[in-house]
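Below is one structure, written out as structure tokens; comments come after it.
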Amino acid sequence: MQQLQKTYSLPNCTLVLDGMSDPAANPNTPGAMTILTNAVCRFLGHEQTLSGGSDFLNGLVPAVSRYAQEQLSGLKSNQTQRGLVTLKRTETGRHHLSIASESDNGAENAGGNESQAIELTTVQLFDLVEAIDQFLADRSTLPSKQLELQPISKRDVPSQKPLGQKVATPALGAIGLAVAAAALFAVEVPEIRRPLDDGTPIATETADGVESVDPDTITDLEFAAPAITDAAELESIRETVFANIDTAWNEYGYPSFTEDAVYRVSTSADGEIVGYRGVDELAQTATDELPLAKLLYTPPTDTAVSDEPLAQFRVTFTPEGQLSVDPWSDDSGATATETEESSDAETSADTEASASDSDEGEADTPEADSSEAESSEAESSEADEGSGALDQASLDELTAGALTADLYNRLDQKWTQNPTFDEDLEFRVKVNIDSDVVSYEPISSNAKEFEDEVPLSELKQSDDGSDASDFKVVFKSNGILEVSPWEGDNKASE
Amino acid sequence: MSASVSVTPPTPSSSSPSLPVALEGLQDFGLNQDACPRRAKQQLDLILLAIEALDLGGSEAILIVADELGLQDIIKNRVNLWQIRSTNPLRRFSKRRPLKQSEAKALVAIICYIARRLTVVVRQLLLVEQQLKEKGQPLDQNFRLADYLLRFRSHFRQRMNPRRASVMEYGEEDKLNALALELLEQLLFCTGTAGAQRLWVSLFDGEV
């Protein structure tokens, strides 16, 4: 047996442990303190100390650790109020630590080991936590004690209401919903535009590689370059353009603009940008923060570009650094020409499609995100009453949003044939909770006739129609796909 | 819809040799998929916001530290970092994508690494706050504290969606200040020896 003392010293708190080593009992850790005789915590600015034997330390370590975790998550565990050592926050933001007498029912109460209490500032509390963590990490002091961290379990969160005015207030009321939502988040947001865009002339390009070449001024010119319309080719160019812009943009700082900056960009077949124009007003001013000018390819001679086929893209930079590149569709192009640059013509077109570009879309569509937020706020008050039930309407909305997106993606991926039909095809499609198509029926008069052109039968994978919901799917003759939750009454009449 | 949640035993770090050292000691939690709870998405982004308010070079530092810690495979570039942070549902342009546990772990490692470098200023600001509160003086008496609060409020208002009810709650300056100070306390706990494990585990409080 050997007497040992260990000190863990932080600016505001010192933890001193006295004990003994017992090499005979612990041959693997000779020299390590294996028996504790006394523990003392001293705090800067407090004359009072906290001290006790191993019961004190055994109570202190988990209680302080759990309390520290509560400070991080804002959630309170029932467990904290049990045991020898308890901590709670005072109104002034300090932390009240109290220790019940070790020997309430014991005989050795003469030593004045009555219950102890102390008020700590957050920094003092942290130094206590840190002293304890250093002691736990020290393998030469009580090696049987180790840091044990576990999330507070659902059971131990009594009311799902966090401490104080935690930011998480609305979220925590609906943990179940959040978990459900997490599952749905996995769904990718669909793109609206598809690379099928038909043969309508795509605007072409002059050769003056001047900055901000305006594709629209070019359309009228006689030497219109051929447009690239092949879907597969467009897609491969799109990928190159995306990668080029994305990489170049990484060199730039955080965008200062607060709305999306949208450009119409013309590129050559190998993805070189030969012209661009801001679609909205913001895009005119945001150019300095974006790599378009830097990427602009200046052709060696005037003729070099004018004969070359060109592709047109709609390029969107969001303030959060999200980049999207989509084929410029003819109807948005046409509108843009008519309305000049007063507004982003595509935005209005987009709102029809139910699962829209998430970037701008707070208002238009069943956004899983916003519905989640709202419903969970509605939930938090109900949850207080202990009913874990989710608001069914919110959950439905959430699910519909995710299924819409999923169905869109699946159909979009498979629908590669250029449409031969002139009128839009409309279907009512039943989809089960796994996003499998269960059944579908043609709605528009020509839908049956052209059914084989669209990938619905291919996607029909399941007969499990339980829990299926209806969606309206429109394959437009110009290659645009629309998917939206079926709204029985008003759509059925169409 | 199943919302079952269970805890898997912590995987020994030696079994996954590809894991960056910085993420060792952060165990996986078996929720019903590889995703983090909503509160985690929110909290990690907000703590990063507090770091940016504390340190003018904070946004750059986040990317540099990601490199230093060998987390390039998880946080690939600036855009990728924004995408990950934009999983915070309070954001103006919140992304409807899950926050993977590996991504969250990377953020935890980065936060704790930077927090450790900011230890001195974090402690000072919290001590000043305590003193001002006890004297009953306004928080903007202290230049550095006022500066932090101002920058935090401005970052928050710029980036969070004012139409979300949970953001509206912070409409008043006092409420936003209180949030900024809470986050500062959380940063303090991140500076410790076990800061990363503590922050990581706390993200799953009430979820398992």
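Chain identifiers are assigned as A, B, and so on, following the order in which chains appear in the structure tokens; residues are numbered from 1 within each chain, and ligands are numbered from 1 in order of appearance.
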List the spatial neighbours of segment 161-178 of chain B as a PDB file with N, CA, C and O atoms, in the first residue's frame - criterion: any atom at most 6 Å away, only C-alpha atoms, same-chain residues fewer than 5 positions off excluded.
```
ATOM      1  N   LEU B  90     -34.011  26.041 -39.882  1.00  0.00           N
ATOM      2  CA  LEU B  90     -34.339  27.446 -39.691  1.00  0.00           C
ATOM      3  C   LEU B  90     -33.809  28.327 -40.818  1.00  0.00           C
ATOM      4  O   LEU B  90     -34.166  29.489 -40.932  1.00  0.00           O
ATOM      5  N   ARG B  91     -32.948  27.773 -41.639  1.00  0.00           N
ATOM      6  CA  ARG B  91     -32.301  28.579 -42.675  1.00  0.00           C
ATOM      7  C   ARG B  91     -33.294  29.087 -43.711  1.00  0.00           C
ATOM      8  O   ARG B  91     -34.306  28.461 -43.984  1.00  0.00           O
ATOM      9  N   ARG B  92     -32.949  30.212 -44.290  1.00  0.00           N
ATOM     10  CA  ARG B  92     -33.766  30.751 -45.378  1.00  0.00           C
ATOM     11  C   ARG B  92     -33.881  29.753 -46.511  1.00  0.00           C
ATOM     12  O   ARG B  92     -34.908  29.590 -47.127  1.00  0.00           O
ATOM     13  N   LEU B 149     -22.362  40.033 -29.693  1.00  0.00           N
ATOM     14  CA  LEU B 149     -23.823  39.940 -29.777  1.00  0.00           C
ATOM     15  C   LEU B 149     -24.336  40.582 -31.060  1.00  0.00           C
ATOM     16  O   LEU B 149     -25.207  40.043 -31.738  1.00  0.00           O
TER      17      LEU B 149
END
```
*For Asp422 of chain A, work out the shell of residues within 10 Å, counting only C-alpha atoms and skipping chain neighbours fewer than 3 positions away, then give it as a list in words.*
Pro419, Leu425, Asn446, Lys476, Ser477 and Asn478 of chain A
*Between B:Gly195, B:Pro138, B:Pro98, B:Gly70, single out the one closest to chain A, counting only C-alpha atoms.*
B:Pro98
*Apply DSSP to the structure's backbone, then extract all residues of chain B labelled helix (DSSP H, G or I) and return them as a PyMOL selection string.*
chain B and resi 13-15+21-23+38-54+58-68+78-85+101-117+119-135+139-141+143-159+165-168+173-190+195-202
*asked:* Please list as a PyMOL selection string every residue within 10 Å of Leu46 of chain B, counting only C-alpha atoms and excluding residues in the same chain fewer than 6 positions away.
replied: (chain A and resi 167) or (chain B and resi 40+52+85+88+90+152+155-156+179-180+183)
Preceding selection exported with N, CA, C and O atoms as a compact mmCIF listing (two decimals), in the first residue's frame:
```txt
# COMPACT_ATOMS: atom_id res chain seq x y z
N VAL A 167 -33.50 27.31 -28.38
CA VAL A 167 -33.89 27.49 -29.77
C VAL A 167 -34.69 26.30 -30.27
O VAL A 167 -35.47 26.38 -31.18
N ALA B 40 -30.21 18.42 -33.99
CA ALA B 40 -28.78 18.40 -34.26
C ALA B 40 -28.42 19.29 -35.45
O ALA B 40 -27.46 20.06 -35.41
N GLU B 52 -18.56 32.10 -36.05
CA GLU B 52 -18.34 33.16 -37.04
C GLU B 52 -18.52 34.54 -36.42
O GLU B 52 -17.89 35.50 -36.85
N ARG B 85 -24.58 22.68 -43.90
CA ARG B 85 -25.14 23.59 -42.91
C ARG B 85 -26.58 23.95 -43.22
O ARG B 85 -27.36 24.25 -42.32
N ASN B 88 -29.98 22.84 -41.64
CA ASN B 88 -30.65 23.53 -40.53
C ASN B 88 -32.01 24.03 -40.99
O ASN B 88 -32.10 24.88 -41.86
N LEU B 90 -34.01 26.04 -39.88
CA LEU B 90 -34.34 27.45 -39.69
C LEU B 90 -33.81 28.33 -40.82
O LEU B 90 -34.17 29.49 -40.93
N PHE B 152 -23.55 38.34 -33.96
CA PHE B 152 -24.39 37.15 -33.98
C PHE B 152 -25.80 37.49 -34.47
O PHE B 152 -26.36 36.81 -35.32
N HIS B 155 -25.73 38.00 -38.25
CA HIS B 155 -25.62 36.73 -38.98
C HIS B 155 -26.95 35.99 -38.94
O HIS B 155 -27.39 35.44 -39.94
N PHE B 156 -27.53 35.93 -37.76
CA PHE B 156 -28.77 35.17 -37.59
C PHE B 156 -29.87 35.74 -38.49
O PHE B 156 -30.56 35.01 -39.20
N LEU B 179 -29.91 33.73 -26.87
CA LEU B 179 -29.48 32.59 -27.69
C LEU B 179 -27.98 32.64 -27.92
O LEU B 179 -27.27 31.63 -27.80
N ALA B 180 -27.48 33.82 -28.24
CA ALA B 180 -26.05 33.97 -28.50
C ALA B 180 -25.24 33.56 -27.28
O ALA B 180 -24.19 32.92 -27.40
N LEU B 183 -25.27 29.79 -26.72
CA LEU B 183 -24.35 29.13 -27.64
C LEU B 183 -22.90 29.31 -27.18
O LEU B 183 -22.06 28.43 -27.34
```
_Coordinates-based distance that separates atom CA of Leu84 of chain A from atom CA of Leu60 of chain A (Å, one decimal)_ = 7.7 Å
*Would you kindly return, as a PyMOL selection string, each protein, DNA or RNA residue with an atom no farther than 8 Å from any atom of Asp470 of chain A, considering only C-alpha atoms and excluding same-chain residues fewer than 5 positions away?*
chain A and resi 428-431+485-486
*What's the 12 Å shell around Asp205 of chain B, counting only C-alpha atoms, without same-chain residues fewer than 3 positions away, as an MDAnalysis selection string?*
(chainID A and resid 66 69:77 149:157 160 162 168 172 175) or (chainID B and resid 7 29 36:40 198:202 208)
With C-alpha atoms retained, could you export that selection as a PDB file, in the first residue's frame?
```
ATOM      1  CA  ARG A  66     -25.182  14.708 -16.958  1.00  0.00           C
ATOM      2  CA  GLN A  69     -24.822  17.430 -21.212  1.00  0.00           C
ATOM      3  CA  GLU A  70     -28.068  19.191 -20.385  1.00  0.00           C
ATOM      4  CA  GLN A  71     -26.329  22.517 -20.865  1.00  0.00           C
ATOM      5  CA  LEU A  72     -25.336  21.374 -24.334  1.00  0.00           C
ATOM      6  CA  SER A  73     -28.638  19.955 -25.479  1.00  0.00           C
ATOM      7  CA  GLY A  74     -31.013  22.121 -23.497  1.00  0.00           C
ATOM      8  CA  LEU A  75     -32.942  19.008 -22.506  1.00  0.00           C
ATOM      9  CA  LYS A  76     -33.466  18.104 -18.912  1.00  0.00           C
ATOM     10  CA  SER A  77     -33.307  14.556 -17.644  1.00  0.00           C
ATOM     11  CA  LEU A 149     -21.710   9.328 -21.985  1.00  0.00           C
ATOM     12  CA  GLN A 150     -25.117   8.341 -23.270  1.00  0.00           C
ATOM     13  CA  PRO A 151     -27.860  10.440 -24.762  1.00  0.00           C
ATOM     14  CA  ILE A 152     -30.730  11.117 -22.407  1.00  0.00           C
ATOM     15  CA  SER A 153     -33.301   8.546 -23.349  1.00  0.00           C
ATOM     16  CA  LYS A 154     -36.811   9.445 -24.408  1.00  0.00           C
ATOM     17  CA  ARG A 155     -38.107   8.023 -21.152  1.00  0.00           C
ATOM     18  CA  ASP A 156     -36.043  10.425 -19.119  1.00  0.00           C
ATOM     19  CA  VAL A 157     -37.197  13.561 -20.859  1.00  0.00           C
ATOM     20  CA  GLN A 160     -40.643  17.477 -24.071  1.00  0.00           C
ATOM     21  CA  PRO A 162     -36.400  22.221 -23.134  1.00  0.00           C
ATOM     22  CA  ALA A 168     -35.117  23.965 -30.143  1.00  0.00           C
ATOM     23  CA  LEU A 172     -38.629  18.976 -29.622  1.00  0.00           C
ATOM     24  CA  ILE A 175     -39.585  14.163 -31.988  1.00  0.00           C
TER      25      ILE A 175
ATOM     26  CA  VAL B   7     -28.781   2.409 -29.764  1.00  0.00           C
ATOM     27  CA  PHE B  29     -26.378   5.985 -33.120  1.00  0.00           C
ATOM     28  CA  CYS B  36     -29.305  13.132 -37.438  1.00  0.00           C
ATOM     29  CA  PRO B  37     -32.225  14.511 -35.480  1.00  0.00           C
ATOM     30  CA  ARG B  38     -33.624  17.852 -36.478  1.00  0.00           C
ATOM     31  CA  ARG B  39     -32.291  19.505 -33.362  1.00  0.00           C
ATOM     32  CA  ALA B  40     -28.776  18.402 -34.264  1.00  0.00           C
ATOM     33  CA  ARG B 198     -19.972  15.521 -25.013  1.00  0.00           C
ATOM     34  CA  LEU B 199     -21.289  17.639 -27.857  1.00  0.00           C
ATOM     35  CA  TRP B 200     -21.848  14.621 -30.087  1.00  0.00           C
ATOM     36  CA  VAL B 201     -23.762  12.614 -27.505  1.00  0.00           C
ATOM     37  CA  SER B 202     -25.862  15.626 -26.497  1.00  0.00           C
ATOM     38  CA  VAL B 208     -32.968   7.319 -28.292  1.00  0.00           C
TER      39      VAL B 208
END
```
*Determine, counting only C-alpha atoms, which protein, DNA and RNA residues have an atom within 8 Å of an atom of segment 125-136 of chain B; residues of the same chain fewer than 2 positions away are not included. Present the result as an NGL selection string.*
(:A and (92-93 or 121-123)) or (:B and (121-123 or 138-139 or 141-142 or 144-145 or 181 or 184-185))
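Nearest to chain B of all the residues A:Gln116, A:Gln284, A:Asn250, A:Gln3 is A:Asn250, based on only C-alpha atoms.
If you measure from each of A:Ile273, A:Ala227, A:Ala25, A:Val129 to chain B using only C-alpha atoms, the closest one turns out to be A:Val129.
The shortest atom-to-atom distance to Ile51 of chain B, with only C-alpha atoms taken into account, belongs to B:Ala115 out of B:Val120, B:Ala115, B:Ala22, B:Cys190.
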